[in-house]
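**Q** Pasting a structure below so you can have a look.
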Amino acid sequence: MTPQFLIDFKDFISQPWPWWVAGPLLSLIMFVLLWFGHEFGISENFRLMCAADGADELNEFFKINWQSGIWNLLVALGAVFGGYLASHYFLSPDGNVAHVSAATMTCLQDANFQFSEGKVPLVPHFYSWEYLFTWRGLLIIAGGGFLVGFGARYAGGCTSGHAISGLSALQLPSLIAVVGFFLGGLFMTHLLFPFIF
Amino acid sequence: MKQSRYILIGILLGMVLYKSEAVSWFRIYEMFHFQSFHMYGIIGSAVLTGIVLVQLIRQRHLKNLEGEEIVIKDKNKSVPRYLLGGFIFGMGWALAGACPAPMFILLGSGYTVFVVYLVMAMTGTYVYGLLRKRLPQ
């Protein structure tokens with residue numbers, strides 16, 4: 001028998017987490033990593049993986065001691081486990097759902113997204129292998145991945161390195177990068193999406 | 001094992017971003033349509049509490065576990081690199097609906113197609129490495 005308080009705890013954390021819980025926890029993660037002697041930045045892992053795969057012999061940008069970044073690769077590995085745990089054991093009572101606003105739902109339906117039971121799923125239908133072999137799926141997954149990998153290294157960081165670590169340390173370059181993130185995102189969402197969806 | 005603490009931090013990161021729905025393509029779509037405060041609340045409250053924590057580190061000269069004072073290096077000054085790189089990153093973020101951390105989290109929650117996203121992100125990083133000297137920095 002599982003003790004009742006454990007069941008209650010599981011139910012408690014299975015609810016959707018509000019922004020005011022998620023945000024402070026993210027800065028706590030940054031703080032704990034600083035205490036361990038490291039700076040929070042997930043996209044650096046792409047460079048570490050390139051170096052570990054032999055790119056260090058091909059290009060000087062990858063001549064880094066990737067072993068010194070093992071801690072960061074382990075954070076990424078932990079994130080894989082965290083995703084597994086959250087999606088298998090701590091799903092919200094109403095399912096694997098994104099609780100987006102009514103305005104967003106209308107917007108999505110206007111763009112030909114179809115939802116059953118009036119619920120928006122957490123992930124879209126095009127996150128699948130079958131869909132990867134359509135031009136749209138390939139563009140979203142492969143094209144999106146390329147842009148994120150290229151852009152993150154060019155800008156010297158991603159959402160964790162610039163928006164959270166950088167802004168917290170009042171770094172002007174990070175503010176410029178975050179403005180870039182939003183300009184790029186708005187350009188994609190408002191000017192290019194009409195051609196894609 | 002000393003290194004397991006990083007896996008635990010990663011697990012927490014995965015839980016936070018999954019349970020707050022920040023891994024959702026639809027939440028990113030909503031954010032770029034300014035139709036909810038949710039994502040702005042996550043980033044905004046992370047930055048506000050982060051600023052307080054970093055000020056605490058700097059004013060109290062807090063030391064890390066190794067006993068050295070925690071120093072957060074200033075990022076190199078430049079504009080084009082951050083703006084252009086950021087713009088390209090932002091396009092990918094909106095398109096795929098996932099930035100680097102959510103990519104690993106979605107991979108773990110069973111969307112194995114993100115292996116392709118990961119390989120392409122590594123390719124993008126590698127191509128940046130090749131072109132680096134020819135790009136405005």
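Identifiers for the structure tokens are assigned positionally: chains receive A, B, ... in sequence, residues are indexed from 1 per chain, and ligands are indexed from 1 in the order shown.
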For segment 125-135 of chain A, find every residue with an atom within 9 Å (counting only C-alpha atoms), except residues of its own chain fewer than 2 positions away, and show them as a PyMOL selection string.
**A** (chain A and resi 121+123+137-142) or (chain B and resi 111-114)
**Q** The selected residues should be written to file as a PDB file, in the first residue's frame (atoms: C-alpha atoms).
**A**
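Listing of result.pdb after writing:
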```
ATOM      1  CA  PRO A 121      -2.994  18.836 -26.808  1.00  0.00           C
ATOM      2  CA  VAL A 123       2.195  18.653 -28.449  1.00  0.00           C
ATOM      3  CA  GLY A 137       7.097  18.091 -41.047  1.00  0.00           C
ATOM      4  CA  LEU A 138      10.620  18.203 -42.430  1.00  0.00           C
ATOM      5  CA  LEU A 139      10.615  21.996 -42.435  1.00  0.00           C
ATOM      6  CA  ILE A 140       9.375  22.198 -38.841  1.00  0.00           C
ATOM      7  CA  ILE A 141      11.545  19.522 -37.228  1.00  0.00           C
ATOM      8  CA  ALA A 142      14.700  19.566 -39.355  1.00  0.00           C
TER       9      ALA A 142
ATOM     10  CA  TYR B 111       8.647  11.984 -29.136  1.00  0.00           C
ATOM     11  CA  THR B 112      11.605  10.163 -30.609  1.00  0.00           C
ATOM     12  CA  VAL B 113      11.402  12.247 -33.794  1.00  0.00           C
ATOM     13  CA  PHE B 114      13.312  14.858 -31.783  1.00  0.00           C
TER      14      PHE B 114
END
```
**Q** Sorted by chain and rising residue number, which residues of segment 33-121 of chain A lie within 7 Å of segment 25-47 of chain B, and what are their closest atom pairs and distances in Å to one decimal, counting only C-alpha atoms, as JSON lines?
**A**
```
{"residue": "A:Ala98", "atom": "CA", "partner": "B:Phe26", "partner_atom": "CA", "distance": 6.9}
{"residue": "A:Val100", "atom": "CA", "partner": "B:Arg27", "partner_atom": "CA", "distance": 6.5}
{"residue": "A:Ser101", "atom": "CA", "partner": "B:Ser36", "partner_atom": "CA", "distance": 6.4}
{"residue": "A:Ala103", "atom": "CA", "partner": "B:Gln35", "partner_atom": "CA", "distance": 6.5}
{"residue": "A:Thr104", "atom": "CA", "partner": "B:Glu30", "partner_atom": "CA", "distance": 5.7}
```
**Q** Name all residues at most 8 Å from segment 60-76 of chain B (count only C-alpha atoms; drop same-chain ones fewer than 3 positions away) and give them as a PyMOL selection string.
**A** (chain A and resi 34-37+39+169+171+173-174) or (chain B and resi 56-57)
**Q** Could you tell me how far atom CA of Leu12 of chain B lies from atom CA of Phe12 of chain A, in Å and to one decimal?
**A** 15.8 Å
**Q** Give me the residues near Pro93 of chain A as a PyMOL selection string, where near means some atom within 10 Å (using only C-alpha atoms) and where sequence neighbours in that chain fewer than 2 positions away do not count.
**A** chain A and resi 11+14-16+90-91+95-97
